[in-house]
Structure formats: structure tokens, C-alpha cells
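Trainee: Please see the structure below; I have some questions.
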Amino acid sequence: MARWVAGMATLALAVTACGGTGDDADSPTDGSAKGAPIIIGMDEDSTGPGASYSTIAGKTIRLAVQDINDKGGVLGRPLRLVIENDESDPTKVPAVLQKLHSQGAKALFLQSGSAAVMQAKSTLTQLGLPAIAPTGVTATLVEPPDNELIYMLANTTTDWAEVYCGAFKAANINTLGILTDDTTTIAALNKALLGGMSCVKITATEKGAANASDLSAQVARLKDANPDAVLVTSVGGAFEVLAQNTLAAQLKDKLRFSLASIGNQPSSWKLANPGALEGLIFMGSINQDNPRTKALTELLKKANGPDYEVTAYDAEGWDAVQLLKLAIEKAGGPDDPKKLNEAIQSISGYQASFGQGNFTLSFSATKHLGADGPCGLSLIEFGADNRPKGPWATFQPPCSS
Amino acid sequence: MTDLQLWLSAMEMGCFFGMLALAYHLIYVGAGFFNFAIGPYAMMGGLCTSWLVITYDLGVWPAAAIGVAATIALAAATELGVVRPVQKRGGGELPALVAVAAVLFAIQQFAGYLFGYPTLPGQSLASFAPVPVGDITVQPSSLLLIVVAVLTFVATAAWIRFSRTGRLLRAVGDSNQAAALLGLPVNRIRLIAFVVAGFVAALAGLLFAPKAGVNSLSGLHWSLSGFLAVVVGGTGSVWAPLLGGMLLGLVEVFLPYYFGGQSHVYGMLLIALLFFAFKPQGLFVRKVRA
């Protein structure tokens, strides 16, 4: 018996030696703020298909809350996060939001896939809770019906379609091949994005499972269709890198475009084969000429280490918390959801931590999408070292303001 | 079917499925049932290695050694802590099958807790430059997977055929009760089967992870793929899992090429149904000595 117990203990030690602990240590504290905490709910996909981007924004949301609490909180009260996970599964969203509401949340961050956020709209209306989807990019998320209480920050796929069309025209691209994953989030995004890209003829659309281990067949079919360029639409993570590895190997000479995910997931770059991301152009939002981006970069490097790569998800998460703080202050407190919602709608000219230096966010009763113009977008090209090397020289979205 | 890249991909997938199936096969031969925790074992081998390299900046080889050792420990614990006590209570194979299915999910959750849920990049044990073959380039990790898979099958075949332990494994697998009556060390042989299967699965996960990364939830998918390779190949020969794996690799790659989308999923389902219905013993039938 003693040998058996010793053996099991050794096993437990051996396996535990491989791993660390959970991430509860990241939960923000009350800092120097006193008084009753203001509960904010976060629906964070930390294990599902949206985890590759949700967790990045989620981590910075925690950091922003901690920063606010360290500086005295909101109206002297600390912000306190309660967090649930819907795994980007639309069927789980109502229960998750109900749970956050029952835990006392006064407002929500919806850090999940767009299909899940879409499902959240009607539940928000029932609960009467205002919510911000920090990294949402699908325009329909903030369009009627049930959009009275939901807000987004960044440019939507409608703007993306315009930017891609400008890029295709500048690069003389007439035919396009699409390589896409099978998630509901991307299905919704494809519908909105590709529907707005009448400037180009889509000659082939190939789909692979989000957890695919091989995409060589899909890329071989794209090769047979011989488009001028290929656009990969995915939630990012392993699928995106597998797609880029395969495209780099089998379609070396084609220009490759992608959504924002790959540029905003530095941990994914390590998955790529050497040089496999070179020449890939993605929809970026991080511009170090923006002084707020620069300040946020310094703060995040201080918190996460000097090698930390700041992404649009970080900046959007950070700004979402600052906007909510501003709204609570304007409303005089978090307890009246109607007043809080009106306070969000009264925010105008907020200088964002992403986009170009003059990029701002404004809201109103009829404008639930913060982005003021296309200056929040930039086409960024990857270099031979599998890291973004800077703006794509051939085309950049016009930014007149 | 002239695209060399597709054949290479099919071979890679086939070797991976084949190694997983070999792990199933070893436990089936030694203990007489299918251990559905093979996929999570493979996941643990790849994920633990990646986590140690990324988090602790450990060298790939020491990390791989720890990852494989941890997986072997898990496999041994499955036999000693779950399967053996459950089978001792009787009730046939079903309770043990249910128990290992629970182990499958437990390992996945445990790995998610230990290593986190995001996909980690697989660590390549090969450090040489990509090899050009015709108009394609073979990544070092792909080459290593194929070579190691072939060597693993050769070594396992030789071990089972020529070593005393290998012969005992077959004897125990042929009839557990007869082997016990003859005084053969049944429990020790079963444990060896789990340990060797854990080693093969860990190796498979470790070598396949560089292709598309590995996360704590990879195990279930890998378990199903490996099991299907066993169903197709059968248990009549050590080489049967490789044949089953290769056939599945061809389906996985060439069906989407000719029929698009995710036709391989339907193809796999059809193959599973056909084999379950008409040839449940697989292509190679196991001959039991009377």
C-alpha cells in the first residue's frame, strides 16, 4: 500500500512538474480604491475557438481595471470583474449573461466570437445591461434589432471591404481565392465581408475545420483555380498559421491577405515555419505614431515583459475599460442602467489607443460603432522573420481627418 | 494524384495515425481492450514539451524527455489506478472502456489547467534545413515524423517477435486466463503494454505537434483518428495499424482535394460504418492459437 501511495505521489509530482497554475493570479485587486465595488461582467471565451484573441483582450482588460483601481477607482470605488466563459457558443450565451447579471454586474464586456455576441443582443435587452464588445468587427452586432445596449469600438467589415478593394485595385488583383475556417464566427464575418467585395471575382472558396491538421488539399484546389491572390479568413490561432504554412509551401508566388487575427496573435507567429509569413498582408490597427498606443505599449511591456508585442486586441480591451469608466463617471454611478447607457452614448471624440494619431471614437443613440472614419485601419506586411515589418507600401487606407 | 505535396501530406497524416493506432494495438494485444486515452497521451507528450520549452526556456531534448516520461507515467497510472481495479471488480470490458473514456476527458481538463488552453507551437527535434524534393520542400519535422514512424514499427515488430517480453505480451493477449494459469506475469506484462503504448503515443504527439500546434483539447480528435486506423487496419499484425493509418491519411488528404470542403469527415464516417458493418475485424485478422 505504501509503495502504491508513493508511486501515485511520484506520478502527481512528475505530471505537475510539467505545468503551472491557473491564471487566478491575474484577477485585479481593489488597489487603493475604497468603498463598495462596481461589478463589471466579462463574457470571455477562454477555451473555445475565439480564445486565441479573447484571452489577449481579456488580459489587458484585467490590467486596465487594476490600473484604474490603483489610481483610486471610479468615483472612488474599485472596479471588480466577474468572468464567465461561453466558448463562443451562441447556445451558451444567455445562461452566461444571466449568471453575470445575477452576480451583480452593472455592465458587460462581451469578449467572444461574433456569433455569440450576436446571440447576446436580445439577452442584453431583457436584462437591461449595457455592454461593450471590445474586439467586435461585424457591423450587424451593433445594428437593429436589439442594439440599444450594445457598443463596438473598431472599424467594421464594411470598412475592411473598402480597404481590401482599394488594395486589390492598387495591386491589380482581379480574382481572389478564399481559404476559410468552419467556425460560426467566420461564417458570419464572411457573409458581411465578402458580400461587400464586388470589386473582385472570387474564383474559389475552400473551407477547413478550425482544428484541422492538414490543409494541403484545400490549398491544392486553390492552386488549380489560379487566383491572383488569396485571402485567409479565420479566427486565427493554429488554423491561420497552418493555412499560411501551407500557402507558403504550395502557392509561393501568390500575394496573400488575411484578417486582423494573425497580426494580433504574436504567440501564433511561433507556430509558423521559418519565413512562412513573409509577404502576408493583414488588417492592422496598431500604429506607434499614435502617442496613446506608444504609452500603452510602454505600460504593457512593463507589465508583461520587454518582449511583449502589443496588438489591436490589447488596445481595444484597454479603451473599452476607459470608455466604461468615463460613462460611469458621467452617469454619476453604475446603478441606473438607463443613465449608464445614455452616458455611453454621450461620449464623443475619445482619443483611441489604436489606429492613427487622429483616430477617435464617438457614440450616440444612433451610432453604436465608435470608429470615426477609416483611420483606425492600416494594411501591415509581415517580414522574413515572421513578424510585422510595417505598413504595406502598395496601398494604405485614406485618412483625411 | 500527381501532386507530390499531397502525397507527402497523406504520408505524414498516415504515419501519425499509424503510430496512434500502434499504441492502441499494443494495449489491445497486452490487455485485450481499447484504451481511448491514447489521444490525450499523445497530446500530453507534445504539449508538455512545448510548454517546458516556451515557459522555462528548456532545451527541446530535455523537455521532450520530460514530456515523454510524464506521458509514460500517465499511461502506467491508467493501468494501475483505473483499468486494473475496475477489471478486478468484474463486469466484462464495458466498465473498463467507460473508465478510460473518463480518463480521456480528465487528462484533457488536467492539461488545460496545467498548460492553459491556447494552442502551443510544436517543438521540432530536427534542426537541419528543409529538404527539397522535386518541386516541393519537405520540412525537417515532417521528415523526422515519417522516419521515426517507420523505425518505431520496425522496432515494435522485432520486439514482439524476438524478445521474451514480446512473446509474453502475445501470450497474455491471446488468453489472459490461460497465461495466468501458466504462471505468467500477467500484471507485469499488461503494465509493460501500457508503458510502451504511452511511449509510442507520446512520440507521435511530440513529432506531429510542429505541423499544426497542440492544445489541451487535441486529444479527443486524435483518439478517434487512431481508433479508426485500428478499425480499418485490424489487429492481426503489428503492421496493420500502419496500413490503417496510411489509408486514413489518403482519405484525409485526397477526398477534400477531389470533393472539396470537409468531405473527408463524411469519408471517414462512411469508412467507419462500412468496416463496422462488413469487416469489424479490420483488414488484418488476429489469429488466436487454440
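Here, A, B, ... name the chains of the C-alpha cells in the order displayed, residue numbers run from 1 inside each chain, and ligands are numbered from 1 in the same displayed order.
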Set the distance at 9 Å and use only C-alpha atoms: which residues neighbour Thr135 of chain A once local chain neighbours fewer than 6 positions away are removed? I'd like the list as a PyMOL selection string.
Mentor: chain A and resi 53-54+57+110-112+152-154+312-313+316-317
Trainee: Report the closest atom pair, with its distance in Å rounded to one decimal, for each residue of chain B that has an atom no farther than 6 Å from chain A; count only C-alpha atoms, sort by chain and then rising residue number, and write it as a tab-separated table.
Mentor:
```
residue	atom	partner	partner_atom	distance
B:Cys48	CA	A:Cys18	CA	5.8
B:Ala70	CA	A:Val15	CA	5.4
B:Tyr113	CA	A:Gly22	CA	5.9
B:Leu114	CA	A:Gly19	CA	4.4
B:Phe115	CA	A:Gly19	CA	5.4
B:Tyr117	CA	A:Thr47	CA	5.5
B:Pro121	CA	A:Leu271	CA	4.6
B:Ala212	CA	A:Ser213	CA	5.6
B:Val253	CA	A:Ala217	CA	5.6
B:Pro256	CA	A:Ala217	CA	5.7
B:Tyr257	CA	A:Ala217	CA	4.5
B:Gly261	CA	A:Lys207	CA	5.0
```
Trainee: From the DSSP assignment of the backbone, select every residue of segment 175-211 of chain A that is strand (DSSP E), and format the answer as a PDB file with C-alpha atoms, in the first residue's frame.
Mentor:
```
ATOM      1  CA  THR A 175      -9.508  37.279 -58.978  1.00  0.00           C
ATOM      2  CA  LEU A 176      -9.371  36.047 -55.400  1.00  0.00           C
ATOM      3  CA  GLY A 177      -9.238  32.648 -53.712  1.00  0.00           C
ATOM      4  CA  ILE A 178     -10.619  32.296 -50.191  1.00  0.00           C
ATOM      5  CA  LEU A 179      -9.356  29.863 -47.563  1.00  0.00           C
ATOM      6  CA  THR A 180     -11.643  29.891 -44.544  1.00  0.00           C
ATOM      7  CA  ASP A 181     -12.252  28.041 -41.298  1.00  0.00           C
ATOM      8  CA  LYS A 201     -14.130  37.960 -58.592  1.00  0.00           C
ATOM      9  CA  ILE A 202     -13.931  35.136 -56.070  1.00  0.00           C
ATOM     10  CA  THR A 203     -12.871  32.098 -58.094  1.00  0.00           C
ATOM     11  CA  ALA A 204     -12.566  29.536 -55.310  1.00  0.00           C
ATOM     12  CA  THR A 205     -13.642  29.222 -51.683  1.00  0.00           C
ATOM     13  CA  GLU A 206     -12.078  26.404 -49.679  1.00  0.00           C
ATOM     14  CA  LYS A 207     -13.068  25.537 -46.140  1.00  0.00           C
ATOM     15  CA  GLY A 208     -11.188  23.617 -43.449  1.00  0.00           C
TER      16      GLY A 208
END
```
Trainee: Skip Asn386 of chain A itself and residues of its chain fewer than 3 positions away, then list as an MDAnalysis selection string all residues within 6 Å of it, counting only C-alpha atoms.
Mentor: chainID A and resid 275 277 383
Trainee: Write to file, as a short mmCIF file (atom, residue, chain, number, x, y, z; two decimals), in the first residue's frame, the residues of the selection just made, with C-alpha atoms.
Mentor:
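Everything below was put into again12.cif:
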```cif
data_model
loop_
_atom_site.label_atom_id
_atom_site.label_comp_id
_atom_site.auth_asym_id
_atom_site.auth_seq_id
_atom_site.Cartn_x
_atom_site.Cartn_y
_atom_site.Cartn_z
CA GLY A 275 9.77 32.69 -43.39
CA LEU A 277 4.58 34.63 -43.07
CA GLY A 383 8.74 40.37 -42.86
#
```
Trainee: Assign secondary structure with DSSP using the backbone only, and return the residues of segment 53-212 of chain B in helix (DSSP H, G or I) as a compact mmCIF listing (two decimals) with N, CA and C atoms, in the first residue's frame.
Mentor:
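Listing of selection.txt after writing:
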```
# COMPACT_ATOMS: atom_id res chain seq x y z
N VAL B 53 9.51 24.20 -23.06
CA VAL B 53 10.43 24.99 -23.89
C VAL B 53 10.05 26.47 -23.84
N ILE B 54 8.74 26.74 -23.98
CA ILE B 54 8.29 28.13 -24.06
C ILE B 54 8.35 28.81 -22.69
N THR B 55 7.91 28.12 -21.67
CA THR B 55 7.79 28.77 -20.35
C THR B 55 9.12 28.81 -19.61
N TYR B 56 9.88 27.72 -19.68
CA TYR B 56 11.12 27.65 -18.91
C TYR B 56 12.38 27.73 -19.77
N VAL B 60 15.05 21.60 -26.23
CA VAL B 60 14.00 20.76 -26.78
C VAL B 60 14.15 19.30 -26.31
N TRP B 61 15.39 18.80 -26.31
CA TRP B 61 15.59 17.39 -25.96
C TRP B 61 15.25 17.09 -24.50
N PRO B 62 15.77 17.91 -23.53
CA PRO B 62 15.37 17.64 -22.14
C PRO B 62 13.86 17.78 -21.95
N ALA B 63 13.27 18.80 -22.62
CA ALA B 63 11.81 18.99 -22.48
C ALA B 63 11.07 17.79 -23.04
N ALA B 64 11.56 17.29 -24.19
CA ALA B 64 10.91 16.13 -24.80
C ALA B 64 11.03 14.91 -23.87
N ALA B 65 12.19 14.77 -23.25
CA ALA B 65 12.39 13.63 -22.34
C ALA B 65 11.41 13.70 -21.17
N ILE B 66 11.22 14.92 -20.63
CA ILE B 66 10.28 15.07 -19.51
C ILE B 66 8.85 14.82 -19.99
N GLY B 67 8.53 15.37 -21.18
CA GLY B 67 7.18 15.19 -21.73
C GLY B 67 6.86 13.71 -21.94
N VAL B 68 7.82 12.99 -22.51
CA VAL B 68 7.59 11.56 -22.75
C VAL B 68 7.50 10.80 -21.43
N ALA B 69 8.38 11.16 -20.48
CA ALA B 69 8.36 10.47 -19.16
C ALA B 69 7.01 10.71 -18.46
N ALA B 70 6.52 11.95 -18.52
CA ALA B 70 5.23 12.26 -17.88
C ALA B 70 4.11 11.47 -18.53
N THR B 71 4.19 11.32 -19.85
CA THR B 71 3.15 10.57 -20.56
C THR B 71 3.20 9.09 -20.18
N ILE B 72 4.41 8.56 -20.11
CA ILE B 72 4.55 7.15 -19.72
C ILE B 72 3.98 6.95 -18.31
N ALA B 73 4.26 7.91 -17.43
CA ALA B 73 3.73 7.83 -16.06
C ALA B 73 2.20 7.84 -16.07
N LEU B 74 1.62 8.69 -16.95
CA LEU B 74 0.16 8.74 -17.06
C LEU B 74 -0.41 7.41 -17.55
N ALA B 75 0.29 6.84 -18.55
CA ALA B 75 -0.18 5.56 -19.10
C ALA B 75 -0.13 4.48 -18.03
N ALA B 76 0.96 4.45 -17.28
CA ALA B 76 1.09 3.45 -16.21
C ALA B 76 0.02 3.67 -15.15
N ALA B 77 -0.24 4.93 -14.84
CA ALA B 77 -1.26 5.24 -13.84
C ALA B 77 -2.65 4.82 -14.31
N THR B 78 -2.89 4.92 -15.61
CA THR B 78 -4.19 4.49 -16.15
C THR B 78 -4.41 3.02 -15.86
N GLU B 79 -3.36 2.22 -16.08
CA GLU B 79 -3.48 0.78 -15.83
C GLU B 79 -3.58 0.48 -14.33
N LEU B 80 -2.63 1.07 -13.57
CA LEU B 80 -2.59 0.72 -12.14
C LEU B 80 -3.73 1.32 -11.34
N GLY B 81 -4.10 2.55 -11.70
CA GLY B 81 -5.08 3.27 -10.87
C GLY B 81 -6.50 3.19 -11.38
N VAL B 82 -6.69 2.85 -12.66
CA VAL B 82 -8.05 2.86 -13.20
C VAL B 82 -8.46 1.49 -13.74
N VAL B 83 -7.74 1.03 -14.79
CA VAL B 83 -8.20 -0.16 -15.51
C VAL B 83 -8.14 -1.41 -14.63
N ARG B 84 -6.99 -1.61 -13.97
CA ARG B 84 -6.84 -2.85 -13.19
C ARG B 84 -7.87 -2.96 -12.06
N PRO B 85 -8.04 -1.89 -11.25
CA PRO B 85 -9.06 -2.00 -10.19
C PRO B 85 -10.47 -2.21 -10.76
N VAL B 86 -10.77 -1.54 -11.88
CA VAL B 86 -12.11 -1.68 -12.46
C VAL B 86 -12.32 -3.10 -12.98
N GLN B 87 -11.30 -3.65 -13.65
CA GLN B 87 -11.45 -5.01 -14.20
C GLN B 87 -11.48 -6.07 -13.10
N LYS B 88 -10.80 -5.77 -11.99
CA LYS B 88 -10.79 -6.71 -10.86
C LYS B 88 -12.20 -6.92 -10.32
N LEU B 94 -16.91 -3.54 -20.59
CA LEU B 94 -17.57 -2.24 -20.63
C LEU B 94 -17.14 -1.28 -19.53
N PRO B 95 -17.09 -1.72 -18.25
CA PRO B 95 -16.68 -0.78 -17.20
C PRO B 95 -15.29 -0.18 -17.46
N ALA B 96 -14.36 -1.03 -17.95
CA ALA B 96 -13.01 -0.52 -18.23
C ALA B 96 -13.03 0.49 -19.37
N LEU B 97 -13.85 0.23 -20.39
CA LEU B 97 -13.96 1.16 -21.51
C LEU B 97 -14.52 2.51 -21.05
N VAL B 98 -15.54 2.44 -20.22
CA VAL B 98 -16.14 3.67 -19.69
C VAL B 98 -15.10 4.42 -18.85
N ALA B 99 -14.34 3.65 -18.06
CA ALA B 99 -13.34 4.27 -17.19
C ALA B 99 -12.26 4.98 -18.00
N VAL B 100 -11.78 4.35 -19.10
CA VAL B 100 -10.73 5.02 -19.88
C VAL B 100 -11.29 6.21 -20.66
N ALA B 101 -12.59 6.13 -21.00
CA ALA B 101 -13.20 7.30 -21.64
C ALA B 101 -13.20 8.48 -20.66
N ALA B 102 -13.46 8.16 -19.40
CA ALA B 102 -13.41 9.22 -18.38
C ALA B 102 -11.98 9.74 -18.21
N VAL B 103 -11.01 8.81 -18.30
CA VAL B 103 -9.61 9.22 -18.20
C VAL B 103 -9.27 10.19 -19.32
N LEU B 104 -9.79 9.90 -20.52
CA LEU B 104 -9.56 10.77 -21.69
C LEU B 104 -9.93 12.22 -21.36
N PHE B 105 -11.15 12.41 -20.88
CA PHE B 105 -11.60 13.77 -20.59
C PHE B 105 -10.89 14.37 -19.39
N ALA B 106 -10.57 13.51 -18.42
CA ALA B 106 -9.87 14.01 -17.23
C ALA B 106 -8.49 14.54 -17.61
N ILE B 107 -7.78 13.81 -18.49
CA ILE B 107 -6.44 14.25 -18.89
C ILE B 107 -6.55 15.58 -19.65
N GLN B 108 -7.56 15.70 -20.50
CA GLN B 108 -7.73 16.95 -21.26
C GLN B 108 -7.94 18.14 -20.32
N GLN B 109 -8.81 17.96 -19.34
CA GLN B 109 -9.09 19.05 -18.41
C GLN B 109 -7.86 19.36 -17.56
N PHE B 110 -7.18 18.30 -17.15
CA PHE B 110 -5.98 18.45 -16.33
C PHE B 110 -4.91 19.22 -17.11
N ALA B 111 -4.75 18.85 -18.38
CA ALA B 111 -3.75 19.52 -19.23
C ALA B 111 -4.13 20.99 -19.44
N GLY B 112 -5.43 21.26 -19.60
CA GLY B 112 -5.87 22.65 -19.77
C GLY B 112 -5.54 23.46 -18.53
N TYR B 113 -5.72 22.85 -17.37
CA TYR B 113 -5.41 23.54 -16.12
C TYR B 113 -3.90 23.79 -16.00
N LEU B 114 -3.12 22.77 -16.34
CA LEU B 114 -1.66 22.89 -16.17
C LEU B 114 -1.03 23.81 -17.20
N PHE B 115 -1.42 23.63 -18.47
CA PHE B 115 -0.70 24.32 -19.55
C PHE B 115 -1.48 25.47 -20.17
N PRO B 140 11.81 19.65 -42.00
CA PRO B 140 12.53 18.68 -41.18
C PRO B 140 11.61 17.88 -40.25
N SER B 141 10.61 18.57 -39.68
CA SER B 141 9.72 17.89 -38.75
C SER B 141 8.90 16.81 -39.46
N SER B 142 8.55 17.06 -40.73
CA SER B 142 7.78 16.06 -41.49
C SER B 142 8.64 14.83 -41.76
N LEU B 143 9.87 15.10 -42.15
CA LEU B 143 10.79 14.00 -42.46
C LEU B 143 11.04 13.15 -41.20
N LEU B 144 11.23 13.84 -40.10
CA LEU B 144 11.50 13.13 -38.84
C LEU B 144 10.31 12.26 -38.43
N LEU B 145 9.10 12.80 -38.60
CA LEU B 145 7.90 12.04 -38.26
C LEU B 145 7.84 10.75 -39.07
N ILE B 146 8.08 10.87 -40.36
CA ILE B 146 7.97 9.69 -41.23
C ILE B 146 9.05 8.66 -40.89
N VAL B 147 10.29 9.14 -40.73
CA VAL B 147 11.40 8.21 -40.45
C VAL B 147 11.19 7.53 -39.09
N VAL B 148 10.82 8.32 -38.07
CA VAL B 148 10.65 7.74 -36.73
C VAL B 148 9.48 6.76 -36.72
N ALA B 149 8.41 7.09 -37.46
CA ALA B 149 7.26 6.19 -37.50
C ALA B 149 7.67 4.82 -38.06
N VAL B 150 8.41 4.84 -39.16
CA VAL B 150 8.85 3.58 -39.77
C VAL B 150 9.75 2.81 -38.80
N LEU B 151 10.70 3.53 -38.18
CA LEU B 151 11.61 2.88 -37.23
C LEU B 151 10.85 2.31 -36.03
N THR B 152 9.83 3.04 -35.58
CA THR B 152 9.03 2.57 -34.44
C THR B 152 8.32 1.26 -34.78
N PHE B 153 7.77 1.20 -35.98
CA PHE B 153 7.08 -0.04 -36.38
C PHE B 153 8.07 -1.20 -36.51
N VAL B 154 9.23 -0.91 -37.09
CA VAL B 154 10.24 -1.97 -37.25
C VAL B 154 10.66 -2.48 -35.87
N ALA B 155 10.95 -1.53 -34.97
CA ALA B 155 11.41 -1.90 -33.63
C ALA B 155 10.33 -2.68 -32.87
N THR B 156 9.08 -2.25 -33.00
CA THR B 156 7.99 -2.92 -32.28
C THR B 156 7.79 -4.34 -32.82
N ALA B 157 7.86 -4.46 -34.15
CA ALA B 157 7.69 -5.79 -34.77
C ALA B 157 8.79 -6.73 -34.28
N ALA B 158 10.02 -6.22 -34.24
CA ALA B 158 11.15 -7.04 -33.80
C ALA B 158 11.00 -7.39 -32.31
N TRP B 159 10.57 -6.43 -31.54
CA TRP B 159 10.40 -6.63 -30.08
C TRP B 159 9.36 -7.72 -29.81
N ILE B 160 8.23 -7.62 -30.51
CA ILE B 160 7.17 -8.60 -30.26
C ILE B 160 7.57 -9.98 -30.77
N ARG B 161 8.30 -10.02 -31.87
CA ARG B 161 8.65 -11.31 -32.47
C ARG B 161 9.82 -12.00 -31.77
N PHE B 162 10.82 -11.21 -31.42
CA PHE B 162 12.07 -11.84 -30.98
C PHE B 162 12.35 -11.75 -29.48
N ARG B 164 11.65 -11.88 -25.33
CA ARG B 164 10.85 -12.71 -24.41
C ARG B 164 9.59 -11.94 -23.99
N THR B 165 9.79 -10.64 -23.68
CA THR B 165 8.65 -9.82 -23.25
C THR B 165 7.61 -9.74 -24.35
N GLY B 166 8.09 -9.61 -25.58
CA GLY B 166 7.16 -9.52 -26.71
C GLY B 166 6.34 -10.79 -26.85
N ARG B 167 7.01 -11.92 -26.70
CA ARG B 167 6.28 -13.21 -26.81
C ARG B 167 5.29 -13.36 -25.67
N LEU B 168 5.71 -12.92 -24.48
CA LEU B 168 4.79 -12.97 -23.33
C LEU B 168 3.58 -12.07 -23.57
N LEU B 169 3.84 -10.92 -24.19
CA LEU B 169 2.75 -9.99 -24.49
C LEU B 169 1.70 -10.67 -25.37
N ARG B 170 2.19 -11.36 -26.39
CA ARG B 170 1.23 -12.06 -27.28
C ARG B 170 0.50 -13.17 -26.53
N ALA B 171 1.24 -13.86 -25.66
CA ALA B 171 0.62 -14.97 -24.92
C ALA B 171 -0.48 -14.45 -23.99
N VAL B 172 -0.17 -13.37 -23.29
CA VAL B 172 -1.16 -12.79 -22.38
C VAL B 172 -2.36 -12.29 -23.16
N GLY B 173 -2.08 -11.65 -24.32
CA GLY B 173 -3.15 -11.11 -25.15
C GLY B 173 -4.03 -12.21 -25.71
N ASP B 174 -3.42 -13.35 -26.07
CA ASP B 174 -4.20 -14.46 -26.63
C ASP B 174 -5.21 -14.98 -25.61
N ASN B 176 -5.75 -14.19 -21.42
CA ASN B 176 -5.35 -13.67 -20.12
C ASN B 176 -5.40 -14.76 -19.06
N GLN B 177 -6.51 -15.52 -19.08
CA GLN B 177 -6.73 -16.53 -18.04
C GLN B 177 -5.75 -17.68 -18.17
N ALA B 178 -5.54 -18.12 -19.43
CA ALA B 178 -4.60 -19.23 -19.65
C ALA B 178 -3.19 -18.83 -19.24
N ALA B 179 -2.82 -17.57 -19.56
CA ALA B 179 -1.50 -17.09 -19.18
C ALA B 179 -1.34 -17.07 -17.67
N ALA B 180 -2.41 -16.68 -16.97
CA ALA B 180 -2.35 -16.63 -15.51
C ALA B 180 -2.23 -18.04 -14.93
N LEU B 181 -2.98 -18.99 -15.53
CA LEU B 181 -2.91 -20.38 -15.08
C LEU B 181 -1.52 -20.96 -15.27
N VAL B 186 1.16 -11.87 -15.69
CA VAL B 186 0.15 -11.15 -16.47
C VAL B 186 0.13 -9.65 -16.14
N ASN B 187 0.11 -9.36 -14.84
CA ASN B 187 0.02 -7.93 -14.46
C ASN B 187 1.21 -7.13 -14.95
N ARG B 188 2.38 -7.73 -14.85
CA ARG B 188 3.59 -7.02 -15.28
C ARG B 188 3.55 -6.80 -16.80
N ILE B 189 3.11 -7.81 -17.53
CA ILE B 189 3.05 -7.70 -19.00
C ILE B 189 2.03 -6.63 -19.42
N ARG B 190 0.89 -6.62 -18.74
CA ARG B 190 -0.13 -5.59 -19.05
C ARG B 190 0.45 -4.20 -18.81
N LEU B 191 1.17 -4.06 -17.70
CA LEU B 191 1.76 -2.76 -17.38
C LEU B 191 2.77 -2.35 -18.46
N ILE B 192 3.56 -3.33 -18.90
CA ILE B 192 4.54 -3.04 -19.96
C ILE B 192 3.81 -2.58 -21.23
N ALA B 193 2.70 -3.23 -21.54
CA ALA B 193 1.93 -2.84 -22.72
C ALA B 193 1.49 -1.37 -22.62
N PHE B 194 0.99 -0.98 -21.44
CA PHE B 194 0.55 0.41 -21.25
C PHE B 194 1.74 1.37 -21.36
N VAL B 195 2.87 0.97 -20.76
CA VAL B 195 4.04 1.85 -20.76
C VAL B 195 4.56 2.05 -22.19
N VAL B 196 4.68 0.95 -22.94
CA VAL B 196 5.20 1.07 -24.31
C VAL B 196 4.21 1.86 -25.17
N ALA B 197 2.91 1.61 -24.98
CA ALA B 197 1.91 2.36 -25.74
C ALA B 197 1.98 3.85 -25.40
N GLY B 198 2.18 4.16 -24.12
CA GLY B 198 2.33 5.56 -23.71
C GLY B 198 3.53 6.20 -24.37
N PHE B 199 4.62 5.44 -24.45
CA PHE B 199 5.84 5.95 -25.10
C PHE B 199 5.58 6.23 -26.58
N VAL B 200 4.95 5.28 -27.27
CA VAL B 200 4.68 5.44 -28.72
C VAL B 200 3.74 6.63 -28.96
N ALA B 201 2.70 6.73 -28.12
CA ALA B 201 1.75 7.84 -28.28
C ALA B 201 2.43 9.18 -28.02
N ALA B 202 3.25 9.23 -26.97
CA ALA B 202 3.95 10.49 -26.66
C ALA B 202 4.86 10.90 -27.81
N LEU B 203 5.54 9.90 -28.37
CA LEU B 203 6.44 10.16 -29.51
C LEU B 203 5.62 10.71 -30.69
N ALA B 204 4.46 10.09 -30.94
CA ALA B 204 3.61 10.52 -32.05
C ALA B 204 3.17 11.98 -31.86
N GLY B 205 2.71 12.30 -30.66
CA GLY B 205 2.25 13.67 -30.39
C GLY B 205 3.38 14.68 -30.49
N LEU B 206 4.52 14.28 -29.97
CA LEU B 206 5.69 15.15 -29.99
C LEU B 206 6.13 15.46 -31.42
N LEU B 207 6.12 14.45 -32.28
CA LEU B 207 6.60 14.61 -33.65
C LEU B 207 5.56 15.26 -34.57
N PHE B 208 4.28 15.11 -34.22
CA PHE B 208 3.23 15.67 -35.09
C PHE B 208 2.92 17.13 -34.71
N ALA B 209 3.18 17.49 -33.46
CA ALA B 209 2.81 18.83 -32.98
C ALA B 209 3.36 19.97 -33.84
N PRO B 210 4.59 19.87 -34.40
CA PRO B 210 5.07 21.00 -35.20
C PRO B 210 4.21 21.30 -36.43
N LYS B 211 3.40 20.36 -36.86
CA LYS B 211 2.61 20.58 -38.09
C LYS B 211 1.52 21.62 -37.87
N ALA B 212 0.76 21.50 -36.79
CA ALA B 212 -0.35 22.45 -36.59
C ALA B 212 -0.49 22.87 -35.14
```
Trainee: One number please: atom CA of His101 of chain A to atom CA of Ile347 of chain A, in Å, one decimal.
Mentor: 24.4 Å
Trainee: Find the spatial neighbours of segment 134-137 of chain B, counting only C-alpha atoms, within a cut-off of 10 Å - ignore same-chain residues fewer than 4 positions away - and output them as a ChimeraX atom specification.
Mentor: /A:249-250 /B:3-5,8,129-130
Trainee: For a quick check of understanding, using only C-alpha atoms, which of A:Asp307, A:Asp289, A:Asn358, A:Leu255 has the smallest distance to Cys399 of chain A?
Mentor: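 Using only C-alpha atoms, Cys399 of chain A sits closest to A:Asn358.
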Trainee: Measure the distance from atom CA of Ile40 of chain A to atom CA of Leu81 of chain A in Å and round it to one decimal.
Mentor: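 Atom-to-atom, atom CA of Ile40 of chain A and atom CA of Leu81 of chain A are spaced 5.0 Å apart.
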Trainee: So, with only C-alpha atoms as the atoms that count, which of B:Val238, B:Gly46, B:Gly245, B:Val231 lies closest to Leu274 of chain B?
Mentor: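 Of B:Val238, B:Gly46, B:Gly245, B:Val231, the one nearest Leu274 of chain B is B:Val231, counting only C-alpha atoms.
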Trainee: Excluding Asp86 of chain A and its own-chain neighbours fewer than 2 positions away, which residues fall within 8 Å of it when counting only C-alpha atoms? Please give them as a list in words.
Mentor: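 Everything that qualifies: Asp43, Glu44, Asp45, Gly48, Glu84, Ser88, Asp89, Pro90, Lys92, Val93, Val96, Ser112 and Ala116 of chain A.
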Trainee: Atom CA of Thr360 of chain A and atom CA of Ala131 of chain A, how far apart in Å?
Mentor: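 Going from atom CA of Ala131 of chain A over to atom CA of Thr360 of chain A covers 19.4 Å.
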Trainee: Looking at only C-alpha atoms, which of B:Gly282, B:Gly213, B:Gly267, B:Gly234 is the one that sits closest to Thr119 of chain B?
Mentor: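 Smallest separation from Thr119 of chain B among the options: B:Gly213.
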Trainee: Might you pull out every residue within 9 Å of Gln103 of chain A, with only C-alpha atoms counted and same-chain residues fewer than 6 positions away left off, and present them as a ChimeraX atom specification?
Mentor: /A:39,41,82
Trainee: Can you pull out every residue within 9 Å of segment 70-76 of chain A, counting only C-alpha atoms, but drop anything in the same chain fewer than 2 positions away, and send it as a PyMOL selection string?
Mentor: chain A and resi 29-35+38+65-68+78-79+325-326+328-329+332-333
Trainee: Give the answer as one residue: which of A:Gln345, A:Leu194, A:Ile186, A:Val321 has the shortest atom-to-atom distance to Arg80 of chain A, using only C-alpha atoms?
Mentor: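 Selected residue with least distance to Arg80 of chain A: A:Val321.
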